[in-house]
Structures are given as C-alpha cells and as structure tokens.
file upload07.cif (mmCIF, C-alpha atoms)
data_my_file
#
loop_
_atom_site.label_atom_id
_atom_site.label_comp_id
_atom_site.auth_asym_id
_atom_site.auth_seq_id
_atom_site.Cartn_x
_atom_site.Cartn_y
_atom_site.Cartn_z
CA MET A 1337 28.30 -16.38 -24.51
CA LEU A 1338 31.02 -17.42 -26.97
CA ASN A 1339 28.89 -16.16 -29.85
CA ASP A 1340 28.58 -12.76 -28.17
CA ILE A 1341 32.35 -12.60 -27.65
CA HIS A 1342 32.94 -13.61 -31.27
CA ASP A 1343 30.55 -10.93 -32.55
CA MET A 1344 32.19 -8.26 -30.37
CA LEU A 1345 35.65 -9.21 -31.62
CA ALA A 1346 34.41 -9.22 -35.20
CA LEU A 1347 33.72 -5.49 -34.89
CA CYS A 1348 37.48 -4.98 -34.52
CA ILE A 1349 39.18 -7.77 -36.49
CA SER A 1350 38.05 -10.06 -39.28
CA GLU A 1351 37.50 -13.75 -38.54
CA PRO A 1352 38.18 -13.70 -34.76
CA PRO A 1353 40.32 -16.75 -33.87
CA ASP A 1354 39.11 -19.36 -31.40
CA ASP A 1355 41.92 -18.79 -28.90
CA LEU A 1356 41.15 -15.08 -28.66
CA VAL A 1357 37.44 -15.81 -28.23
CA ALA A 1358 38.28 -18.30 -25.46
CA LEU A 1359 40.40 -15.71 -23.61
CA TYR A 1360 37.29 -13.71 -22.74
CA SER A 1361 35.34 -16.73 -21.50
CA MET A 1362 37.66 -17.24 -18.51
CA PRO A 1363 39.15 -15.12 -15.69
CA ARG A 1364 41.77 -12.69 -16.95
CA PRO A 1365 45.28 -12.44 -15.44
CA ILE A 1366 45.39 -9.19 -13.46
CA ALA A 1367 48.03 -7.97 -11.02
CA PRO A 1368 48.11 -4.14 -11.03
CA HIS A 1369 51.18 -3.94 -8.78
CA LEU A 1370 53.10 -5.85 -11.49
CA GLY A 1371 51.66 -3.86 -14.40
CA ILE A 1372 49.70 -6.92 -15.49
CA ASN A 1373 46.26 -5.81 -16.66
CA VAL A 1374 44.59 -7.94 -19.33
CA LEU A 1375 41.73 -5.77 -20.50
CA SER A 1376 38.03 -6.54 -20.45
CA LEU A 1377 36.59 -7.15 -23.91
CA ASP A 1378 34.96 -3.71 -24.06
CA ALA A 1379 38.16 -1.95 -23.00
CA ALA A 1380 40.28 -4.07 -25.35
CA ALA A 1381 37.99 -3.25 -28.27
CA LYS A 1382 38.24 0.47 -27.51
CA TYR A 1383 42.05 0.30 -27.27
CA THR A 1384 42.18 -1.73 -30.49
CA ARG A 1385 40.21 0.89 -32.38
CA ALA A 1386 42.68 3.55 -31.19
CA ILE A 1387 45.62 1.38 -32.32
CA HIS A 1388 44.06 0.92 -35.75
CA GLU A 1389 43.43 4.64 -36.01
CA HIS A 1390 46.78 5.95 -34.79
CA THR A 1391 49.46 3.36 -35.65
CA LEU A 1392 50.83 2.12 -38.95
CA LEU A 1393 50.78 -1.54 -37.90
CA GLY A 1394 47.29 -1.76 -36.44
CA ARG A 1395 45.20 -2.48 -39.51
CA PRO A 1396 47.77 -4.25 -41.75
CA MET A 1397 48.62 -6.81 -39.06
CA GLY A 1398 45.11 -6.92 -37.62
CA LEU A 1399 46.35 -6.09 -34.13
CA PHE A 1400 44.06 -6.61 -31.15
CA ALA A 1401 45.07 -4.98 -27.86
CA LEU A 1402 45.37 -7.41 -24.97
CA ASP A 1403 46.58 -5.36 -22.03
CA ASP A 1404 47.20 -1.89 -20.70
CA ALA A 1405 50.04 -1.43 -18.23
CA ASN A 1406 49.56 2.36 -18.42
CA ASP A 1407 52.81 2.67 -20.38
CA SER A 1408 51.50 2.96 -23.97
CA ASN A 1409 53.27 -0.33 -24.79
CA PRO A 1410 50.46 -2.87 -25.20
CA PHE A 1411 50.85 -6.51 -26.09
CA CYS A 1412 48.72 -7.24 -29.14
CA TYR A 1413 47.35 -10.33 -30.83
CA VAL A 1414 48.33 -10.51 -34.52
CA SER A 1415 45.28 -11.58 -36.53
CA ARG A 1416 46.57 -11.05 -40.08
CA GLY A 1417 49.60 -12.00 -42.16
CA PRO A 1418 52.44 -14.53 -41.75
CA ALA A 1419 52.71 -13.93 -37.99
CA LYS A 1420 49.01 -14.58 -37.40
CA GLY A 1421 48.42 -15.97 -33.92
CA CYS A 1422 51.63 -14.49 -32.49
CA ILE A 1423 51.80 -11.80 -29.82
CA LEU A 1424 53.45 -8.51 -30.73
CA HIS A 1425 54.72 -6.01 -28.17
CA LEU A 1426 53.77 -2.63 -29.61
CA TYR A 1427 56.06 0.04 -28.22
CA HIS A 1428 55.22 3.73 -28.29
CA ASP A 1429 58.90 4.60 -28.03
CA GLY A 1430 61.04 1.50 -28.39
CA THR A 1431 61.61 -1.57 -30.53
CA THR A 1432 58.33 -3.21 -31.49
CA SER A 1433 58.66 -6.95 -32.06
CA ILE A 1434 57.02 -10.35 -31.87
CA GLU A 1435 57.59 -11.69 -28.34
CA TYR A 1436 55.40 -14.79 -28.09
CA ALA A 1437 54.48 -17.50 -30.58
CA SER A 1438 50.94 -17.86 -29.27
CA LEU A 1439 48.31 -16.38 -27.02
CA ARG A 1440 48.64 -19.38 -24.72
CA GLY A 1441 52.38 -18.77 -24.36
CA PHE A 1442 51.71 -15.13 -23.46
CA VAL A 1443 48.98 -15.95 -20.93
CA ASP A 1444 51.14 -18.68 -19.37
CA ALA A 1445 53.93 -16.11 -19.01
CA LEU A 1446 51.54 -13.72 -17.28
CA HIS A 1447 50.45 -16.38 -14.80
CA ALA A 1448 54.08 -17.33 -14.12
CA ALA A 1449 54.96 -13.65 -13.59
CA ILE A 1450 52.14 -13.24 -11.07
CA VAL A 1451 53.28 -16.30 -9.14
CA ASP A 1452 56.91 -15.14 -9.11
CA GLY A 1453 56.23 -11.44 -8.60
CA ILE A 1454 57.74 -10.41 -11.95
CA TYR A 1455 56.87 -7.05 -13.50
CA ILE A 1456 55.26 -6.97 -16.96
CA ASP A 1457 58.45 -5.58 -18.55
CA ASP A 1458 60.36 -8.72 -17.56
CA LEU A 1459 57.94 -11.44 -18.62
CA PRO A 1460 59.55 -14.90 -18.87
CA ASN A 1461 59.77 -17.44 -21.69
CA LYS A 1462 59.71 -15.06 -24.64
CA ASN A 1463 59.98 -16.47 -28.17
CA CYS A 1464 60.96 -13.74 -30.60
CA ARG A 1465 61.53 -16.11 -33.53
CA PRO A 1466 58.54 -18.44 -33.57
CA GLU A 1467 58.21 -21.09 -36.25
CA ILE A 1468 56.47 -19.45 -39.19
CA ASP A 1469 55.83 -20.80 -42.68
CA GLN A 1470 58.86 -19.38 -44.45
CA ASN A 1471 57.28 -19.54 -47.91
CA ILE A 1472 54.32 -17.44 -46.79
CA LEU A 1473 56.64 -15.13 -44.86
CA GLY A 1474 59.07 -14.74 -47.75
CA ASN A 1475 56.31 -14.00 -50.24
CA ARG A 1476 54.82 -11.37 -47.95
CA ILE A 1477 58.21 -9.74 -47.41
CA VAL A 1478 58.87 -9.53 -51.16
CA GLU A 1479 55.38 -8.08 -51.64
CA LEU A 1480 55.92 -5.45 -48.94
CA ALA A 1481 59.38 -4.57 -50.27
CA GLY A 1482 57.80 -3.52 -53.54
CA ILE A 1483 55.03 -1.34 -52.09
CA GLY A 1484 56.99 1.50 -50.51
CA THR A 1485 54.33 2.94 -48.21
CA ASP A 1486 54.97 3.77 -44.56
CA GLU A 1487 52.58 1.01 -43.50
CA ALA A 1488 54.35 -1.56 -45.67
CA GLU A 1489 57.78 -0.58 -44.41
CA CYS A 1490 56.71 -0.76 -40.75
CA GLU A 1491 55.30 -4.25 -41.24
CA LEU A 1492 58.39 -5.24 -43.19
CA ILE A 1493 60.69 -4.23 -40.33
CA ILE A 1494 58.74 -6.52 -37.98
CA LEU A 1495 58.73 -9.48 -40.36
CA VAL A 1496 62.40 -9.32 -41.37
CA SER A 1497 63.49 -10.51 -37.93
CA LEU A 1498 61.45 -13.71 -38.42
CA LEU A 1499 63.10 -14.65 -41.72
CA ASP A 1500 65.34 -17.69 -42.07
CA THR A 1501 68.73 -16.59 -43.42
CA ALA A 1502 68.63 -19.55 -45.77
CA ARG A 1503 66.29 -17.33 -47.83
CA THR A 1504 69.29 -15.67 -49.42
CA SER A 1505 67.57 -14.13 -52.44
CA THR A 1506 65.07 -12.36 -50.20
CA ILE A 1507 67.79 -11.11 -47.87
CA ASN A 1508 69.86 -9.87 -50.81
CA LEU A 1509 66.80 -7.89 -51.90
CA LEU A 1510 66.36 -6.41 -48.43
CA SER A 1511 70.02 -5.40 -48.18
CA LYS A 1512 69.33 -2.88 -50.97
CA HIS A 1513 65.96 -1.62 -49.74
CA GLU A 1514 65.52 2.14 -49.86
CA ASN A 1515 64.41 2.35 -46.23
CA PHE A 1516 67.46 2.32 -43.97
CA PHE A 1517 65.48 0.91 -41.05
CA VAL A 1518 64.75 -2.15 -43.19
CA ARG A 1519 68.44 -2.41 -44.07
CA GLU A 1520 69.38 -2.04 -40.40
CA GLU A 1521 67.04 -4.87 -39.41
CA THR A 1522 68.46 -6.98 -42.23
CA ALA A 1523 71.98 -6.38 -40.96
CA ASN A 1524 70.94 -7.36 -37.43
CA LEU A 1525 69.35 -10.53 -38.77
CA ILE A 1526 72.52 -11.58 -40.59
CA ALA A 1527 74.71 -10.70 -37.61
CA ASN A 1528 72.58 -12.86 -35.32
CA TYR A 1529 72.04 -15.73 -37.76
CA PRO A 1530 74.95 -15.64 -40.22
CA ASN A 1531 74.94 -17.64 -43.42
CA SER A 1532 78.13 -18.04 -45.44
CA LEU A 1533 76.15 -17.42 -48.64
CA LEU A 1534 75.29 -13.88 -47.51
CA ILE A 1535 78.77 -12.43 -47.88
CA GLU A 1536 77.69 -10.03 -50.65
CA ALA A 1537 74.68 -8.74 -48.71
CA ALA A 1538 76.82 -8.29 -45.59
CA GLU A 1539 79.44 -6.34 -47.56
CA ILE A 1540 76.74 -4.04 -48.94
CA LEU A 1541 75.34 -3.39 -45.48
CA ALA A 1542 78.78 -2.90 -43.92
CA GLY A 1543 79.45 -0.18 -46.48
CA ASP A 1544 76.10 1.55 -46.04
CA ILE A 1545 76.13 5.35 -45.96
CA HIS A 1546 74.03 5.34 -42.77
CA PRO A 1547 76.08 4.58 -39.64
CA GLN A 1548 72.95 3.07 -38.13
CA VAL A 1549 73.10 0.42 -40.86
CA ALA A 1550 76.86 0.18 -41.25
CA ARG A 1551 77.48 -0.68 -37.59
CA PRO A 1552 75.34 -3.84 -37.55
CA GLY A 1553 76.43 -4.37 -41.16
CA LYS A 1554 80.05 -4.68 -40.07
CA ALA A 1555 79.00 -7.08 -37.32
CA ALA A 1556 77.10 -9.07 -39.95
CA LEU A 1557 80.13 -9.16 -42.23
CA SER A 1558 82.38 -10.39 -39.43
CA ALA A 1559 79.83 -13.07 -38.50
CA VAL A 1560 79.49 -14.28 -42.09
CA ARG A 1561 83.24 -14.37 -42.58
CA ARG A 1562 83.56 -16.33 -39.37
CA VAL A 1563 81.13 -19.06 -40.43
CA ALA A 1564 82.69 -19.10 -43.90
CA ASN A 1565 86.20 -19.34 -42.45
CA ILE A 1566 87.29 -16.23 -44.34
CA SER A 1567 89.99 -14.13 -42.70
CA ASN A 1568 89.40 -10.38 -42.46
#
call {"tool": "encode", "arguments": {"input": "upload07.cif", "output": "structure tokens"}}
result
Amino acid sequence: MLNDIHDMLALCISEPPDDLVALYSMPRPIAPHLGINVLSLDAAAKYTRAIHEHTLLGRPMGLFALDDANDSNPFCYVSRGPAKGCILHLYHDGTTSIEYASLRGFVDALHAAIVDGIYIDDLPNKNCRPEIDQNILGNRIVELAGIGTDEAECELIILVSLLDTARTSTINLLSKHENFFVREETANLIANYPNSLLIEAAEILAGDIHPQVARPGKAALSAVRRVANISN
C-alpha cells in the first residue's frame, strides 16, 4: 500500500517524503463542523495540480495540498527548497506564510483542535519561524533576489520571514530590492527581530517612497535604535 501511495504522490511532487506517504496510510483528521477536512489522496492530488497550475508558489516550492476547508486557503506541504518539510498556509486573499515546522506538528494541531472544538482558522501551536539551515536559506534568497520573475519574488517574500537577522549582508541586499513587497517583508523582519548592525538597512526602509514599506521601516528603525541604545 505504501508503494501505491508513493507512486500517486510522485505524479504531483518529486521524491515524495516518508512523512507525507505515511499520512495516507492512517485515518485522516476530519471534523467538517470545524472546517477540518484533510483530503483523500485522490482529492489532494487534484487540488495540488490546480495549485501548481494557478499559483506562483505551487511548482517552485513543490506544494502539496493537504486540506480543503472550502475557503480557498489550503494548508500545503512544502516539498522543495529551504523550507522543505514545513507546512505553508496558502491564502487566496491574505498573508501566505509558513505556519508549522513539520507535518506532524500540523496533524497534532488538527487533533488538538478537534478535541477542543477549535475552528481551522484558530489552530494551536503554530511555529512561523521554524529552525531552517540558514546557509541554505541565505543562498536561496540571494539566488531568488537576482532572478526578478514573479515566481521568484513570491517565493522570496515567504522565505524572508524565516531569515536570521544576523545575516546582515543578505538583509542589506533585500532592503534595496526592486519589489516593494520584498522590502516591506524585510522591514517587518527587522522590526520583529532587530539587530544593531542593521541600522543602515532600517534607515533605507524607513525612507522608502512606498508608505507600505516606510511604515514598517520606521518601526524597524526604532527597534534597531532601541537595541543599539541610540536616541532618536
């Protein structure tokens, strides 16, 4: 049976991981009244093909659809890139982001939600900054920053939030990226995880011509000054 599951998954994503194969060899968490609906393998494969066809992140990140709460916001397994093995919440109209470090963490959250009567939108125990190899992540971010396609920029926006702000050279590069969504995410990263060595990047972002960047940029600058003990 596991071989059949593996072969079915392989039609959608390359090198299907063991944990994803195992998911379909056991009962799936389902609670329709809570919006919890982990898909059958056939339905998941069909949804995955649609995601690959109609979204910019589907193929580059090797996304595999896990559920369908009838809200066009599926949780997806990431099968490619630095965040491989993590669970991404793919929003149709909202902020797409990594929300779980592993499939097991996601499934455990679903079971806990069913026990506690929690709706899918309020799943517990999220981990939006899982431990990721920062060298691999940094190299991928630099690679994406130099490509300039829509697909590359969408993936870049997701990965920026996972970056350690000790990677100052990479963050300085991102603070000058041509895509203002990338710059906005960079500003948010610095604001949330300030590093005193990022004063120049924060100043650039705070002075950005786009208010959508400048607002979090100013928050980033204040945060950096605070940790550096620099008065405004």
call {"tool": "atom_distance", "arguments": {"input": "upload07.cif", "atom1": "atom CA of Glu1521 of chain A", "atom2": "atom CA of Leu1402 of chain A"}}
result
26.2 Å
call {"tool": "resolve_selection", "arguments": {"input": "upload07.cif", "expression": "the PyMOL selection byres ((chain A and resi 1522-1531) around 8)", "output": "short mmCIF file (atom, residue, chain, number, x, y, z; two decimals) with C-alpha atoms, in the frame of the given file"}}
result
data_model
loop_
_atom_site.label_atom_id
_atom_site.label_comp_id
_atom_site.auth_asym_id
_atom_site.auth_seq_id
_atom_site.Cartn_x
_atom_site.Cartn_y
_atom_site.Cartn_z
CA VAL A 1496 62.40 -9.32 -41.37
CA SER A 1497 63.49 -10.51 -37.93
CA THR A 1501 68.73 -16.59 -43.42
CA ALA A 1502 68.63 -19.55 -45.77
CA ILE A 1507 67.79 -11.11 -47.87
CA LEU A 1510 66.36 -6.41 -48.43
CA SER A 1511 70.02 -5.40 -48.18
CA VAL A 1518 64.75 -2.15 -43.19
CA ARG A 1519 68.44 -2.41 -44.07
CA GLU A 1520 69.38 -2.04 -40.40
CA GLU A 1521 67.04 -4.87 -39.41
CA SER A 1532 78.13 -18.04 -45.44
CA LEU A 1533 76.15 -17.42 -48.64
CA LEU A 1534 75.29 -13.88 -47.51
CA ILE A 1535 78.77 -12.43 -47.88
CA ALA A 1538 76.82 -8.29 -45.59
CA LEU A 1541 75.34 -3.39 -45.48
CA VAL A 1549 73.10 0.42 -40.86
CA PRO A 1552 75.34 -3.84 -37.55
CA GLY A 1553 76.43 -4.37 -41.16
CA ALA A 1555 79.00 -7.08 -37.32
CA ALA A 1556 77.10 -9.07 -39.95
CA LEU A 1557 80.13 -9.16 -42.23
CA SER A 1558 82.38 -10.39 -39.43
CA ALA A 1559 79.83 -13.07 -38.50
CA VAL A 1560 79.49 -14.28 -42.09
CA VAL A 1563 81.13 -19.06 -40.43
CA ALA A 1564 82.69 -19.10 -43.90
#
call {"tool": "resolve_selection", "arguments": {"input": "upload07.cif", "expression": "the PyMOL selection byres ((chain A and resi 1439) around 9)", "output": "ChimeraX atom specification"}}
result
/A:1355-1356,1359,1413,1421-1423,1436-1438,1440-1444
call {"tool": "closest_residue", "arguments": {"input": "upload07.cif", "among": "A:Ala1481, A:Met1344, A:Gln1470, A:Met1337", "to": "Ser1361 of chain A", "atoms": "only C-alpha atoms"}}
result
A:Met1337
call {"tool": "residues_around", "arguments": {"input": "upload07.cif", "residues": "segment 1339-1341 of chain A", "least_positions_apart": "6", "cutoff": "9 Å", "atoms": "all atoms listed in the file", "output": "list in words"}}
result
Val1357, Ala1358, Tyr1360, Ser1361 and Leu1377 of chain A
call {"tool": "resolve_selection", "arguments": {"input": "upload07.cif", "expression": "the PyMOL selection byres ((chain A and resi 1384-1397) around 9)", "output": "PDB file with C-alpha atoms, keeping the file's coordinate frame"}}
result
ATOM      1  CA  CYS A1348      37.480  -4.980 -34.520  1.00  0.00           C
ATOM      2  CA  ILE A1349      39.180  -7.770 -36.490  1.00  0.00           C
ATOM      3  CA  ALA A1379      38.160  -1.950 -23.000  1.00  0.00           C
ATOM      4  CA  ALA A1380      40.280  -4.070 -25.350  1.00  0.00           C
ATOM      5  CA  ALA A1381      37.990  -3.250 -28.270  1.00  0.00           C
ATOM      6  CA  LYS A1382      38.240   0.470 -27.510  1.00  0.00           C
ATOM      7  CA  TYR A1383      42.050   0.300 -27.270  1.00  0.00           C
ATOM      8  CA  GLY A1398      45.110  -6.920 -37.620  1.00  0.00           C
ATOM      9  CA  LEU A1399      46.350  -6.090 -34.130  1.00  0.00           C
ATOM     10  CA  PHE A1400      44.060  -6.610 -31.150  1.00  0.00           C
ATOM     11  CA  ALA A1401      45.070  -4.980 -27.860  1.00  0.00           C
ATOM     12  CA  LEU A1402      45.370  -7.410 -24.970  1.00  0.00           C
ATOM     13  CA  CYS A1412      48.720  -7.240 -29.140  1.00  0.00           C
ATOM     14  CA  VAL A1414      48.330 -10.510 -34.520  1.00  0.00           C
ATOM     15  CA  SER A1415      45.280 -11.580 -36.530  1.00  0.00           C
ATOM     16  CA  ARG A1416      46.570 -11.050 -40.080  1.00  0.00           C
ATOM     17  CA  GLY A1417      49.600 -12.000 -42.160  1.00  0.00           C
ATOM     18  CA  ALA A1419      52.710 -13.930 -37.990  1.00  0.00           C
ATOM     19  CA  LYS A1420      49.010 -14.580 -37.400  1.00  0.00           C
ATOM     20  CA  LEU A1426      53.770  -2.630 -29.610  1.00  0.00           C
ATOM     21  CA  ASP A1486      54.970   3.770 -44.560  1.00  0.00           C
ATOM     22  CA  GLU A1487      52.580   1.010 -43.500  1.00  0.00           C
ATOM     23  CA  ALA A1488      54.350  -1.560 -45.670  1.00  0.00           C
ATOM     24  CA  CYS A1490      56.710  -0.760 -40.750  1.00  0.00           C
ATOM     25  CA  GLU A1491      55.300  -4.250 -41.240  1.00  0.00           C
TER      26      GLU A1491
END
call {"tool": "atom_distance", "arguments": {"input": "upload07.cif", "atom1": "atom CA of Leu1509 of chain A", "atom2": "atom CA of Asp1544 of chain A"}}
result
14.5 Å
call {"tool": "atom_distance", "arguments": {"input": "upload07.cif", "atom1": "atom CA of Asp1457 of chain A", "atom2": "atom CA of Phe1516 of chain A"}}
result
28.1 Å
call {"tool": "closest_residue", "arguments": {"input": "upload07.cif", "among": "A:Tyr1427, A:Ala1445, A:Ile1493, A:Lys1512", "to": "Ala1537 of chain A", "atoms": "all atoms listed in the file"}}
result
A:Lys1512
call {"tool": "decode", "arguments": {"input": "upload07.cif", "residues": "segment 1477-1507 of chain A", "atoms": "C-alpha atoms", "output": "PDB file, in the first residue's frame"}}
result
ATOM      1  CA  ILE A1477      17.314  34.093  -1.009  1.00  0.00           C
ATOM      2  CA  VAL A1478      20.315  35.648  -2.765  1.00  0.00           C
ATOM      3  CA  GLU A1479      19.602  33.468  -5.810  1.00  0.00           C
ATOM      4  CA  LEU A1480      15.945  34.497  -5.902  1.00  0.00           C
ATOM      5  CA  ALA A1481      16.799  38.175  -5.402  1.00  0.00           C
ATOM      6  CA  GLY A1482      18.752  38.105  -8.642  1.00  0.00           C
ATOM      7  CA  ILE A1483      16.108  36.403 -10.791  1.00  0.00           C
ATOM      8  CA  GLY A1484      13.353  39.016 -10.884  1.00  0.00           C
ATOM      9  CA  THR A1485      10.435  36.859 -12.037  1.00  0.00           C
ATOM     10  CA  ASP A1486       7.031  36.918 -10.358  1.00  0.00           C
ATOM     11  CA  GLU A1487       7.547  33.344  -9.171  1.00  0.00           C
ATOM     12  CA  ALA A1488      10.931  34.176  -7.646  1.00  0.00           C
ATOM     13  CA  GLU A1489       9.607  37.257  -5.874  1.00  0.00           C
ATOM     14  CA  CYS A1490       6.633  35.374  -4.393  1.00  0.00           C
ATOM     15  CA  GLU A1491       8.905  32.671  -3.015  1.00  0.00           C
ATOM     16  CA  LEU A1492      11.315  35.313  -1.765  1.00  0.00           C
ATOM     17  CA  ILE A1493       8.581  37.061   0.229  1.00  0.00           C
ATOM     18  CA  ILE A1494       7.808  33.768   2.002  1.00  0.00           C
ATOM     19  CA  LEU A1495      11.439  32.956   2.764  1.00  0.00           C
ATOM     20  CA  VAL A1496      12.467  36.407   4.033  1.00  0.00           C
ATOM     21  CA  SER A1497      10.415  35.950   7.200  1.00  0.00           C
ATOM     22  CA  LEU A1498      12.484  32.848   8.055  1.00  0.00           C
ATOM     23  CA  LEU A1499      15.846  34.608   7.821  1.00  0.00           C
ATOM     24  CA  ASP A1500      18.042  35.197  10.857  1.00  0.00           C
ATOM     25  CA  THR A1501      18.781  38.926  11.162  1.00  0.00           C
ATOM     26  CA  ALA A1502      22.389  38.026  11.887  1.00  0.00           C
ATOM     27  CA  ARG A1503      22.618  37.557   8.092  1.00  0.00           C
ATOM     28  CA  THR A1504      23.214  41.263   7.692  1.00  0.00           C
ATOM     29  CA  SER A1505      24.675  41.244   4.180  1.00  0.00           C
ATOM     30  CA  THR A1506      21.630  39.393   2.855  1.00  0.00           C
ATOM     31  CA  ILE A1507      19.234  41.733   4.628  1.00  0.00           C
TER      32      ILE A1507
END
